[in-house]
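Engineer: Here you go, one structure.
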Amino acid sequence: SRRKNRGPNGTGAHCGLNVLGFFGQVSPGLLSDALQTALLCPSYEVARTVLIARGITLDVKTLRRLCQSAGGMDNNLRGCLALSGEEKLHGHTLVVSVDGGRLRLRKRKRGRKANELKRHGYHTDWKEPKLFTLYLTDSEGNIVKEFKPLHDATMGNHDAAYALLESYLDNLALEQLERIVFCGDGGSWIWNGAEKLCDRMGFDENKIFQVLDYTHAKQNLRDIIDLVCPTKQAVTTKKWKDLLWNGQMDALEASIKALVTDKKKLAQALKKFTNYFAANRKRMQYAHFSAQGLPCGSGHVESAIRRVINLRLKAPGTFWLKEMAECFLFLRSQVISGRWKIFMENLISLARRAFQAFIMTESVQLKNTEAA
């Protein structure tokens, strides 16, 4: 009879390589180079060409396998892998920004392929990955350069995004912080998720601030100005922006009512005001926030969306399987945030611990078998 291959799933065992810190049967150095090249190049094929020029021959299938192995981590582990454990938060403000991006997923069509077609084809629907960033500021609102920002994103729903964010926060010494600030645009899912997260984690309400991005607020104010005051835009814009900056929502509403005589336009303007400005009143106290050294914008997360998602995952003609998109979101976040070295050290350490645990389990089972 044919002899079966050793190891799980008949793949063989490479105990010596595991002890030396090899991951996926490649050395840590080669793994790091291969992953970064695949993550930063526009495609696997380009990455393969770049690696060949450096004397490294890996085919596309191997590059994809390495990305899946390194990036396919459980959400509870992702927060641990991105942190060194030596982050100093004492006396600082943690700014948490959340937003959504866009990419196209590849989903197989149901049913059988038509006889006249060479390929069955697939759906390429647009989907919204949710991305968050974490960074530190001092008492004056300046970014703390010593703390490398944290980025991550997921293809999961809103709850999954906040569960992932919670796994990062669980690994930080939040008791050292003076304040925690949540920033975002006017999406209701952002603020509903932030408030639920604060309740779950038992944050002190006096240390929590919510800030709606000032640029988004001005854009929505412009929509009302264009609707109701096309002939008095210059004067109206300055007056209403001042009211918005100072958080004087009642005065802003009164000014809208005083300037608009057309009932239809007034109804539209007040609907916009109620749904956006009145609903987010506490998040639009910009003069107060600025005086306390708090950020008034979410540009940090929008920059991360461009660098993490748009420059690689949103490329024209690129369609992702959901699982691979999740891997790339996680891995590119580590590269872009500047935490790649920390991530690689933690990944290799995790692989070694898993192998040691496997050996211990096998030894115990062998002893129990011999004793029986």
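Chain labels run A, B, ... following the order of the structure tokens; each chain numbers its residues from 1, and ligands are numbered from 1 in the order shown.
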Per DSSP on the backbone, filter stretch 32-170 of chain A down to the residues in helix (DSSP H, G or I) and report them as a PyMOL selection string.

Structural biologist: chain A and resi 32-40+44-53+60-71+75-81+158-169

Engineer: Could you save those same residues with N, CA and C atoms as a compact mmCIF listing (two decimals), in the first residue's frame?

Structural biologist:
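Everything below was put into part28.txt:
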# COMPACT_ATOMS: atom_id res chain seq x y z
N SER A 32 9.00 38.93 5.15
CA SER A 32 8.77 40.37 5.23
C SER A 32 8.94 41.04 3.88
N ASP A 33 10.01 40.68 3.14
CA ASP A 33 10.24 41.27 1.83
C ASP A 33 9.12 40.91 0.85
N ALA A 34 8.73 39.65 0.85
CA ALA A 34 7.70 39.19 -0.09
C ALA A 34 6.36 39.86 0.20
N LEU A 35 6.00 39.94 1.48
CA LEU A 35 4.72 40.54 1.84
C LEU A 35 4.68 42.02 1.49
N GLN A 36 5.71 42.76 1.88
CA GLN A 36 5.72 44.19 1.61
C GLN A 36 5.68 44.48 0.11
N THR A 37 6.38 43.67 -0.67
CA THR A 37 6.37 43.88 -2.12
C THR A 37 4.98 43.62 -2.70
N ALA A 38 4.34 42.54 -2.25
CA ALA A 38 2.99 42.22 -2.72
C ALA A 38 1.98 43.28 -2.29
N LEU A 39 2.19 43.85 -1.10
CA LEU A 39 1.25 44.84 -0.58
C LEU A 39 1.39 46.20 -1.25
N LEU A 40 2.62 46.57 -1.61
CA LEU A 40 2.88 47.90 -2.13
C LEU A 40 2.86 47.99 -3.64
N TYR A 44 0.05 41.24 -7.96
CA TYR A 44 0.96 40.14 -7.64
C TYR A 44 2.01 39.96 -8.74
N GLU A 45 1.59 40.13 -9.98
CA GLU A 45 2.51 39.92 -11.09
C GLU A 45 3.65 40.95 -11.07
N VAL A 46 3.31 42.19 -10.79
CA VAL A 46 4.35 43.22 -10.67
C VAL A 46 5.25 42.92 -9.49
N ALA A 47 4.66 42.47 -8.39
CA ALA A 47 5.46 42.13 -7.20
C ALA A 47 6.43 41.00 -7.53
N ARG A 48 5.97 40.00 -8.27
CA ARG A 48 6.83 38.88 -8.65
C ARG A 48 8.01 39.36 -9.49
N THR A 49 7.74 40.28 -10.41
CA THR A 49 8.81 40.82 -11.27
C THR A 49 9.83 41.59 -10.44
N VAL A 50 9.35 42.40 -9.50
CA VAL A 50 10.26 43.18 -8.63
C VAL A 50 11.13 42.25 -7.81
N LEU A 51 10.55 41.18 -7.27
CA LEU A 51 11.31 40.24 -6.45
C LEU A 51 12.36 39.49 -7.29
N ILE A 52 12.00 39.14 -8.52
CA ILE A 52 12.95 38.46 -9.40
C ILE A 52 14.16 39.35 -9.66
N ALA A 53 13.94 40.65 -9.83
CA ALA A 53 15.04 41.58 -10.07
C ALA A 53 15.97 41.66 -8.86
N VAL A 60 3.24 33.70 -8.28
CA VAL A 60 2.06 34.43 -7.80
C VAL A 60 1.29 33.62 -6.76
N LYS A 61 1.18 32.33 -6.99
CA LYS A 61 0.45 31.47 -6.05
C LYS A 61 1.10 31.49 -4.67
N THR A 62 2.42 31.47 -4.62
CA THR A 62 3.12 31.50 -3.33
C THR A 62 2.92 32.85 -2.63
N LEU A 63 3.00 33.94 -3.40
CA LEU A 63 2.79 35.25 -2.81
C LEU A 63 1.39 35.36 -2.22
N ARG A 64 0.41 34.84 -2.94
CA ARG A 64 -0.96 34.88 -2.44
C ARG A 64 -1.09 34.04 -1.16
N ARG A 65 -0.45 32.89 -1.16
CA ARG A 65 -0.53 32.01 0.03
C ARG A 65 0.10 32.68 1.25
N LEU A 66 1.23 33.34 1.06
CA LEU A 66 1.89 34.02 2.18
C LEU A 66 1.03 35.16 2.72
N CYS A 67 0.40 35.90 1.83
CA CYS A 67 -0.49 36.99 2.26
C CYS A 67 -1.67 36.44 3.05
N GLN A 68 -2.23 35.32 2.59
CA GLN A 68 -3.35 34.71 3.31
C GLN A 68 -2.92 34.21 4.68
N SER A 69 -1.74 33.60 4.75
CA SER A 69 -1.27 33.04 6.02
C SER A 69 -0.97 34.13 7.04
N ALA A 70 -0.31 35.20 6.59
CA ALA A 70 0.07 36.27 7.52
C ALA A 70 -1.09 37.20 7.86
N GLY A 71 -2.00 37.40 6.91
CA GLY A 71 -3.08 38.35 7.13
C GLY A 71 -4.38 37.76 7.63
N ASN A 75 -9.73 38.42 14.64
CA ASN A 75 -9.81 39.83 15.05
C ASN A 75 -9.22 40.09 16.42
N ASN A 76 -9.35 39.12 17.33
CA ASN A 76 -8.83 39.31 18.68
C ASN A 76 -7.31 39.37 18.71
N LEU A 77 -6.66 38.78 17.69
CA LEU A 77 -5.20 38.79 17.62
C LEU A 77 -4.66 40.03 16.93
N ARG A 78 -5.44 40.64 16.07
CA ARG A 78 -4.95 41.75 15.27
C ARG A 78 -4.49 42.92 16.14
N GLY A 79 -5.23 43.21 17.20
CA GLY A 79 -4.82 44.29 18.09
C GLY A 79 -3.52 44.00 18.79
N CYS A 80 -3.31 42.74 19.16
CA CYS A 80 -2.06 42.35 19.83
C CYS A 80 -0.87 42.44 18.89
N LEU A 81 -1.04 41.99 17.65
CA LEU A 81 0.07 41.93 16.71
C LEU A 81 0.58 43.31 16.31
N HIS A 158 -20.95 47.12 10.53
CA HIS A 158 -20.61 48.17 11.51
C HIS A 158 -20.23 47.57 12.86
N ASP A 159 -20.98 46.56 13.29
CA ASP A 159 -20.66 45.94 14.59
C ASP A 159 -19.30 45.27 14.56
N ALA A 160 -18.96 44.62 13.43
CA ALA A 160 -17.66 43.97 13.31
C ALA A 160 -16.54 45.00 13.36
N ALA A 161 -16.76 46.17 12.76
CA ALA A 161 -15.73 47.22 12.77
C ALA A 161 -15.46 47.69 14.20
N TYR A 162 -16.50 47.87 14.97
CA TYR A 162 -16.30 48.34 16.35
C TYR A 162 -15.79 47.23 17.26
N ALA A 163 -16.12 45.99 16.94
CA ALA A 163 -15.54 44.87 17.70
C ALA A 163 -14.04 44.81 17.46
N LEU A 164 -13.61 45.04 16.21
CA LEU A 164 -12.19 45.07 15.89
C LEU A 164 -11.51 46.24 16.60
N LEU A 165 -12.14 47.40 16.58
CA LEU A 165 -11.60 48.56 17.29
C LEU A 165 -11.46 48.27 18.78
N GLU A 166 -12.45 47.59 19.35
CA GLU A 166 -12.40 47.26 20.78
C GLU A 166 -11.23 46.34 21.10
N SER A 167 -10.87 45.43 20.16
CA SER A 167 -9.75 44.54 20.42
C SER A 167 -8.43 45.31 20.50
N TYR A 168 -8.34 46.42 19.77
CA TYR A 168 -7.16 47.29 19.87
C TYR A 168 -7.17 48.05 21.20
N LEU A 169 -8.30 48.61 21.54
CA LEU A 169 -8.39 49.40 22.78
C LEU A 169 -8.14 48.54 24.01

Engineer: Within 10 Å of stretch 344-358 of chain A, counting only C-alpha atoms, which residues show up once you throw out same-chain ones fewer than 2 positions away? Write them as an MDAnalysis selection string, please.

Structural biologist: chainID A and resid 15 18:24 27:29 31:32 70:71 73 77:78 80:84 334 339:342 360:363

Engineer: How about saving the chosen residues, N, CA and C atoms kept, as an mmCIF file, in the first residue's frame?

Structural biologist:
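Listed below is the output, out34.cif:
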data_model
loop_
_atom_site.group_PDB
_atom_site.id
_atom_site.type_symbol
_atom_site.label_atom_id
_atom_site.label_comp_id
_atom_site.auth_asym_id
_atom_site.auth_seq_id
_atom_site.Cartn_x
_atom_site.Cartn_y
_atom_site.Cartn_z
ATOM 1 N N CYS A 15 9.761 20.721 11.639
ATOM 2 C CA CYS A 15 9.981 21.141 13.023
ATOM 3 C C CYS A 15 11.200 22.051 13.160
ATOM 4 N N ASN A 18 10.377 25.524 12.044
ATOM 5 C CA ASN A 18 9.500 26.192 13.013
ATOM 6 C C ASN A 18 10.280 26.714 14.213
ATOM 7 N N VAL A 19 11.242 25.931 14.676
ATOM 8 C CA VAL A 19 12.069 26.350 15.808
ATOM 9 C C VAL A 19 12.879 27.593 15.450
ATOM 10 N N LEU A 20 13.332 27.669 14.202
ATOM 11 C CA LEU A 20 14.141 28.799 13.753
ATOM 12 C C LEU A 20 13.307 30.043 13.436
ATOM 13 N N GLY A 21 11.990 29.928 13.566
ATOM 14 C CA GLY A 21 11.134 31.080 13.318
ATOM 15 C C GLY A 21 10.638 31.210 11.896
ATOM 16 N N PHE A 22 10.740 30.140 11.110
ATOM 17 C CA PHE A 22 10.211 30.186 9.751
ATOM 18 C C PHE A 22 8.685 30.235 9.804
ATOM 19 N N PHE A 23 8.099 30.936 8.846
ATOM 20 C CA PHE A 23 6.641 31.069 8.780
ATOM 21 C C PHE A 23 6.218 30.737 7.358
ATOM 22 N N GLY A 24 5.339 29.757 7.229
ATOM 23 C CA GLY A 24 4.939 29.334 5.889
ATOM 24 C C GLY A 24 6.087 28.769 5.093
ATOM 25 N N SER A 27 11.817 32.059 5.567
ATOM 26 C CA SER A 27 12.450 32.752 6.678
ATOM 27 C C SER A 27 11.735 34.069 6.972
ATOM 28 N N PRO A 28 11.878 34.602 8.184
ATOM 29 C CA PRO A 28 11.225 35.879 8.517
ATOM 30 C C PRO A 28 11.633 37.009 7.580
ATOM 31 N N GLY A 29 12.925 37.061 7.217
ATOM 32 C CA GLY A 29 13.374 38.116 6.322
ATOM 33 C C GLY A 29 12.747 38.025 4.948
ATOM 34 N N LEU A 31 9.961 36.445 4.215
ATOM 35 C CA LEU A 31 8.528 36.678 4.381
ATOM 36 C C LEU A 31 8.224 38.167 4.382
ATOM 37 N N SER A 32 8.997 38.926 5.145
ATOM 38 C CA SER A 32 8.774 40.370 5.226
ATOM 39 C C SER A 32 8.940 41.039 3.875
ATOM 40 N N ALA A 70 -0.314 35.203 6.592
ATOM 41 C CA ALA A 70 0.074 36.270 7.519
ATOM 42 C C ALA A 70 -1.087 37.196 7.856
ATOM 43 N N GLY A 71 -2.001 37.399 6.911
ATOM 44 C CA GLY A 71 -3.083 38.350 7.131
ATOM 45 C C GLY A 71 -4.376 37.758 7.635
ATOM 46 N N MET A 73 -5.700 36.605 10.225
ATOM 47 C CA MET A 73 -5.691 36.471 11.677
ATOM 48 C C MET A 73 -7.069 36.737 12.268
ATOM 49 N N LEU A 77 -6.659 38.780 17.687
ATOM 50 C CA LEU A 77 -5.201 38.789 17.623
ATOM 51 C C LEU A 77 -4.660 40.030 16.931
ATOM 52 N N ARG A 78 -5.444 40.641 16.072
ATOM 53 C CA ARG A 78 -4.946 41.753 15.268
ATOM 54 C C ARG A 78 -4.487 42.920 16.136
ATOM 55 N N CYS A 80 -3.309 42.738 19.161
ATOM 56 C CA CYS A 80 -2.058 42.346 19.830
ATOM 57 C C CYS A 80 -0.871 42.441 18.890
ATOM 58 N N LEU A 81 -1.043 41.993 17.651
ATOM 59 C CA LEU A 81 0.073 41.932 16.712
ATOM 60 C C LEU A 81 0.583 43.313 16.309
ATOM 61 N N ALA A 82 -0.259 44.324 16.411
ATOM 62 C CA ALA A 82 0.140 45.659 15.977
ATOM 63 C C ALA A 82 0.833 46.463 17.071
ATOM 64 N N LEU A 83 0.849 45.944 18.300
ATOM 65 C CA LEU A 83 1.359 46.709 19.442
ATOM 66 C C LEU A 83 2.629 46.088 20.002
ATOM 67 N N SER A 84 3.528 46.937 20.459
ATOM 68 C CA SER A 84 4.779 46.465 21.067
ATOM 69 C C SER A 84 4.632 46.200 22.554
ATOM 70 N N GLN A 334 -0.670 47.797 8.580
ATOM 71 C CA GLN A 334 0.583 47.714 9.346
ATOM 72 C C GLN A 334 1.720 48.407 8.611
ATOM 73 N N ARG A 339 4.167 50.397 11.498
ATOM 74 C CA ARG A 339 4.289 49.381 12.547
ATOM 75 C C ARG A 339 4.664 48.008 11.989
ATOM 76 N N TRP A 340 5.230 47.976 10.787
ATOM 77 C CA TRP A 340 5.515 46.694 10.151
ATOM 78 C C TRP A 340 6.511 45.864 10.948
ATOM 79 N N LYS A 341 7.575 46.476 11.440
ATOM 80 C CA LYS A 341 8.587 45.739 12.195
ATOM 81 C C LYS A 341 7.974 45.119 13.454
ATOM 82 N N ILE A 342 7.157 45.887 14.154
ATOM 83 C CA ILE A 342 6.481 45.367 15.353
ATOM 84 C C ILE A 342 5.586 44.198 14.982
ATOM 85 N N MET A 360 3.998 20.425 22.929
ATOM 86 C CA MET A 360 3.642 20.039 24.298
ATOM 87 C C MET A 360 2.403 19.156 24.308
ATOM 88 N N THR A 361 1.430 19.522 23.490
ATOM 89 C CA THR A 361 0.193 18.729 23.423
ATOM 90 C C THR A 361 0.476 17.336 22.888
ATOM 91 N N GLU A 362 1.296 17.258 21.838
ATOM 92 C CA GLU A 362 1.634 15.955 21.271
ATOM 93 C C GLU A 362 2.403 15.101 22.274
ATOM 94 N N SER A 363 3.292 15.721 23.055
ATOM 95 C CA SER A 363 4.073 14.978 24.052
ATOM 96 C C SER A 363 3.173 14.409 25.124
#

Engineer: Write out as a ChimeraX atom specification the residues lying within 12 Å of A:Ile224, counting only C-alpha atoms and excluding same-chain residues fewer than 6 positions away.

Structural biologist: /A:217-218,230,233,236-237,240-241,252-253,255-257,259-260,265-274,276-277

Engineer: As a PyMOL selection string, please: the residues near stretch 85-89 of chain A (cut-off 9 Å, only C-alpha atoms, same-chain neighbours under 4 positions excluded).

Structural biologist: chain A and resi 80+93-94+136+146-148+171-178

Engineer: From the options A:Gly187, A:Pro129, A:Gly297, A:Gly111, which residue's atoms come nearest to A:Tyr214, counting only C-alpha atoms?

Structural biologist: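 Under the stated criterion, the closest residue is A:Gly297.
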
Engineer: If you take only C-alpha atoms and a cut-off of 12 Å, which residues of stretch 123-177 of chain A touch stretch 315-321 of chain A, and what are their nearest atom pairs and distances in Å to one decimal, in chain and number order, as CSV?

Structural biologist:
residue,atom,partner,partner_atom,distance
A:His123,CA,A:Phe319,CA,9.2
A:Thr124,CA,A:Phe319,CA,6.5
A:Asp125,CA,A:Phe319,CA,8.9
A:Trp126,CA,A:Phe319,CA,9.4
A:Lys127,CA,A:Trp320,CA,10.3
A:Pro129,CA,A:Trp320,CA,12.0
A:Met155,CA,A:Leu321,CA,10.5

Engineer: Using the selection just defined, write its residues with N, CA and C atoms as an mmCIF file, in the first residue's frame.

Structural biologist:
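For reference, out.cif as written:
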data_model
loop_
_atom_site.group_PDB
_atom_site.id
_atom_site.type_symbol
_atom_site.label_atom_id
_atom_site.label_comp_id
_atom_site.auth_asym_id
_atom_site.auth_seq_id
_atom_site.Cartn_x
_atom_site.Cartn_y
_atom_site.Cartn_z
ATOM 1 N N HIS A 123 -20.138 38.614 -10.175
ATOM 2 C CA HIS A 123 -20.654 39.929 -9.818
ATOM 3 C C HIS A 123 -19.517 40.774 -9.246
ATOM 4 N N THR A 124 -19.574 42.088 -9.478
ATOM 5 C CA THR A 124 -18.520 42.983 -8.980
ATOM 6 C C THR A 124 -19.153 44.172 -8.255
ATOM 7 N N ASP A 125 -19.874 43.889 -7.197
ATOM 8 C CA ASP A 125 -20.575 44.939 -6.461
ATOM 9 C C ASP A 125 -19.598 45.782 -5.641
ATOM 10 N N TRP A 126 -19.928 47.066 -5.500
ATOM 11 C CA TRP A 126 -19.165 47.945 -4.620
ATOM 12 C C TRP A 126 -19.496 47.630 -3.166
ATOM 13 N N LYS A 127 -18.487 47.572 -2.320
ATOM 14 C CA LYS A 127 -18.675 47.339 -0.893
ATOM 15 C C LYS A 127 -17.909 48.403 -0.099
ATOM 16 N N PRO A 129 -15.568 48.930 3.004
ATOM 17 C CA PRO A 129 -14.764 48.536 4.157
ATOM 18 C C PRO A 129 -14.765 49.654 5.193
ATOM 19 N N MET A 155 -13.916 44.162 6.261
ATOM 20 C CA MET A 155 -15.030 44.052 5.329
ATOM 21 C C MET A 155 -16.324 43.696 6.039
#

Engineer: Using backbone DSSP assignments, extract all strand (DSSP E or B) residues from stretch 86-278 of chain A; output them as a PyMOL selection string.

Structural biologist: chain A and resi 93-100+103-105+107-108+122-123+126-127+130-137+143+150-154+179-184+208-212

Engineer: Just how far from atom CA of A:Val308 is atom CA of A:Ile336, in Å to one decimal?

Structural biologist: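 So the two atoms, atom CA of A:Ile336 and atom CA of A:Val308, lie 6.7 Å apart.
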
Engineer: Pick from A:Arg119, A:Lys322, A:Arg102, A:Arg307: nearest to A:Val335, with only C-alpha atoms counted?

Structural biologist: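 Once distances to A:Val335 are computed over only C-alpha atoms, the minimum belongs to A:Arg307.
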
Engineer: Smallest atom-to-atom distance to A:Lys207: which of A:Val95, A:Cys327, A:Leu227, A:Leu244, using only C-alpha atoms?

Structural biologist: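 Smallest separation from A:Lys207 among the options: A:Val95.
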
Engineer: Using only C-alpha atoms, which residues sit within 8 Å of A:His151 once same-chain residues fewer than 6 positions away are excluded, as a tab-separated table (two decimals) with N, CA and C atoms, in the first residue's frame?

Structural biologist:
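Saved the output as part25.tsv:
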chain	number	residue	atom	x	y	z
A	131	LEU	N	-12.84	51.56	8.16
A	131	LEU	CA	-11.47	51.76	8.61
A	131	LEU	C	-11.44	52.70	9.81
A	132	PHE	N	-10.53	52.43	10.74
A	132	PHE	CA	-10.34	53.35	11.88
A	132	PHE	C	-8.87	53.64	12.06
A	133	THR	N	-8.59	54.79	12.65
A	133	THR	CA	-7.23	55.18	13.00
A	133	THR	C	-7.20	55.60	14.47
A	134	LEU	N	-6.06	55.39	15.11
A	134	LEU	CA	-5.84	55.85	16.47
A	134	LEU	C	-4.50	56.59	16.52
A	304	ALA	N	-5.82	57.96	5.70
A	304	ALA	CA	-5.56	56.53	5.82
A	304	ALA	C	-6.38	55.73	4.81
A	333	SER	N	-2.48	48.06	6.49
A	333	SER	CA	-2.58	48.97	7.64
A	333	SER	C	-1.28	48.97	8.44
A	334	GLN	N	-0.67	47.80	8.58
A	334	GLN	CA	0.58	47.71	9.35
A	334	GLN	C	1.72	48.41	8.61
A	336	ILE	N	1.44	50.92	6.26
A	336	ILE	CA	1.20	52.35	6.14
A	336	ILE	C	1.38	53.07	7.47
A	337	SER	N	1.02	52.42	8.57
A	337	SER	CA	1.12	53.06	9.89
A	337	SER	C	2.55	53.11	10.41

Engineer: My list of candidates is A:His90, A:His288, A:Lys367, A:Arg281. Which is closest to A:Asp138 when distances are computed with only C-alpha atoms?

Structural biologist: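 For A:Asp138, the nearest of the candidates is A:His90.
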
Engineer: To one decimal in Å, tell me the separation between atom CA of A:Ala194 and atom CA of A:Leu294.

Structural biologist: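 If I compute the distance from atom CA of A:Ala194 to atom CA of A:Leu294, I get 17.3 Å.
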
Engineer: At what distance in Å, to one decimal, does atom CA of A:Tyr286 lie from atom CA of A:Leu243?

Structural biologist: 10.2 Å
